[in-house]
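Colleague: Got a structure for you, entry06.cif, holding mmCIF, C-alpha atoms.
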```
data_structure
loop_
_atom_site.label_atom_id
_atom_site.label_comp_id
_atom_site.auth_asym_id
_atom_site.auth_seq_id
_atom_site.Cartn_x
_atom_site.Cartn_y
_atom_site.Cartn_z
CA MET A 341 -109.50 -55.84 -45.35
CA LYS A 342 -106.74 -53.34 -44.59
CA GLU A 343 -109.20 -50.99 -42.87
CA ILE A 344 -110.55 -53.78 -40.67
CA LEU A 345 -107.06 -54.84 -39.60
CA LEU A 346 -106.11 -51.23 -38.83
CA PHE A 347 -109.28 -50.85 -36.77
CA ILE A 348 -108.60 -54.02 -34.78
CA PHE A 349 -104.94 -53.09 -34.28
CA GLY A 350 -105.95 -49.59 -33.13
CA VAL A 351 -108.40 -50.95 -30.57
CA LEU A 352 -105.89 -53.47 -29.24
CA PHE A 353 -103.13 -50.87 -29.05
CA ILE A 354 -105.25 -48.33 -27.17
CA LEU A 355 -106.62 -51.09 -24.94
CA GLY A 356 -103.10 -52.20 -24.08
CA VAL A 357 -101.88 -48.70 -23.30
CA ALA A 358 -104.95 -47.91 -21.20
CA GLY A 359 -104.66 -51.21 -19.33
CA PHE A 360 -100.98 -50.58 -18.65
CA ILE A 361 -101.73 -47.11 -17.28
CA ASP A 362 -104.45 -48.54 -15.01
CA TYR A 363 -102.00 -51.23 -13.87
CA LEU A 364 -99.41 -48.59 -12.96
CA ARG A 365 -102.02 -46.58 -11.05
CA ASP A 366 -103.10 -49.69 -9.07
CA GLN A 367 -106.71 -49.35 -10.16
CA PRO A 368 -109.00 -52.24 -10.97
CA ILE A 369 -109.67 -52.49 -14.70
CA ASN A 370 -113.29 -52.45 -15.83
CA TRP A 371 -112.77 -54.32 -19.11
CA GLY A 372 -116.23 -53.70 -20.54
CA ASP A 373 -116.02 -49.96 -20.03
CA ARG A 374 -112.41 -49.84 -21.16
CA LEU A 375 -113.15 -51.79 -24.37
CA PHE A 376 -116.09 -49.51 -25.19
CA LYS A 377 -113.95 -46.40 -24.73
CA CYS A 378 -111.15 -47.86 -26.88
CA ILE A 379 -113.53 -48.70 -29.72
CA LEU A 380 -115.08 -45.24 -29.47
CA THR A 381 -111.63 -43.61 -29.54
CA VAL A 382 -110.60 -45.49 -32.69
CA VAL A 383 -113.92 -44.68 -34.39
CA PHE A 384 -113.47 -40.97 -33.69
CA ILE A 385 -109.84 -40.99 -34.87
CA ARG A 386 -110.87 -42.69 -38.13
CA LEU A 387 -113.78 -40.26 -38.52
CA PHE A 388 -111.56 -37.20 -38.09
CA MET A 389 -109.04 -38.62 -40.55
CA PHE A 390 -111.85 -39.18 -43.08
CA ILE A 391 -113.20 -35.65 -42.59
CA GLY A 392 -109.71 -34.27 -43.19
CA ARG A 393 -109.45 -36.18 -46.47
CA VAL A 394 -112.87 -34.96 -47.60
CA ILE A 395 -111.98 -31.34 -46.84
CA ASP A 396 -108.64 -31.65 -48.65
CA LYS A 397 -110.35 -33.07 -51.75
CA LYS A 398 -113.03 -30.40 -51.65
CA TYR A 399 -110.56 -27.49 -51.67
CA ASP A 400 -108.05 -28.93 -54.18
#
```
Just give me the structure as structure tokens.
Modeller:
Amino acid sequence: MKEILLFIFGVLFILGVAGFIDYLRDQPINWGDRLFKCILTVVFIRLFMFIGRVIDKKYD
């Protein structure tokens, strides 16, 4: 449950920051594309964190 909440919070946080930056730049926001990129960003961050843990366990 904790992982799911962290994933949802990560997507919402990145979505909010990206939307705010687009708002400041006076660009129209393509929400579908922006949401896809936010989900992809969070997935890659979680993947890299997992790979780091696996490597640390392997060499301990």
Colleague: Just want the 7 Å neighbourhood of range 344-360 of chain A, counted on all atoms listed in the file, with same-chain residues fewer than 4 positions away dropped. Output as an mmCIF file with C-alpha atoms, in the coordinates of the input.
Modeller:
```cif
data_model
loop_
_atom_site.group_PDB
_atom_site.id
_atom_site.type_symbol
_atom_site.label_atom_id
_atom_site.label_comp_id
_atom_site.auth_asym_id
_atom_site.auth_seq_id
_atom_site.Cartn_x
_atom_site.Cartn_y
_atom_site.Cartn_z
ATOM 1 C CA LEU A 364 -99.410 -48.590 -12.960
ATOM 2 C CA ILE A 369 -109.670 -52.490 -14.700
ATOM 3 C CA LEU A 375 -113.150 -51.790 -24.370
ATOM 4 C CA CYS A 378 -111.150 -47.860 -26.880
ATOM 5 C CA ILE A 379 -113.530 -48.700 -29.720
ATOM 6 C CA VAL A 382 -110.600 -45.490 -32.690
#
```
Colleague: What's the separation between CA of Met341 in chain A and CA of Lys377 in chain A, in Å to one decimal place?
Modeller: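 So the two atoms, CA of Met341 in chain A and CA of Lys377 in chain A, lie 23.1 Å apart.
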Colleague: Please measure the separation of CA of Thr381 in chain A and CA of Tyr399 in chain A, giving the value in Å to one decimal.
Modeller: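 Answer for the CA of Thr381 in chain A to CA of Tyr399 in chain A separation: 27.4 Å.
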Colleague: Report the distance between CA of Asp373 in chain A and CA of Ile361 in chain A in Å, rounded to one decimal place.
Modeller: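 According to the coordinates, CA of Asp373 in chain A and CA of Ile361 in chain A are separated by 14.8 Å.
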Colleague: Once 4 Å is added on each side, what are the centre and the three edge lengths, in Å to one decimal, of the axis-aligned box enclosing the listed atoms of range 344-362 of chain A? Present them as JSON.
Modeller:
```
{"center_x": -105.8, "center_y": -51.0, "center_z": -27.8, "size_x": 17.6, "size_y": 15.7, "size_z": 33.7}
```
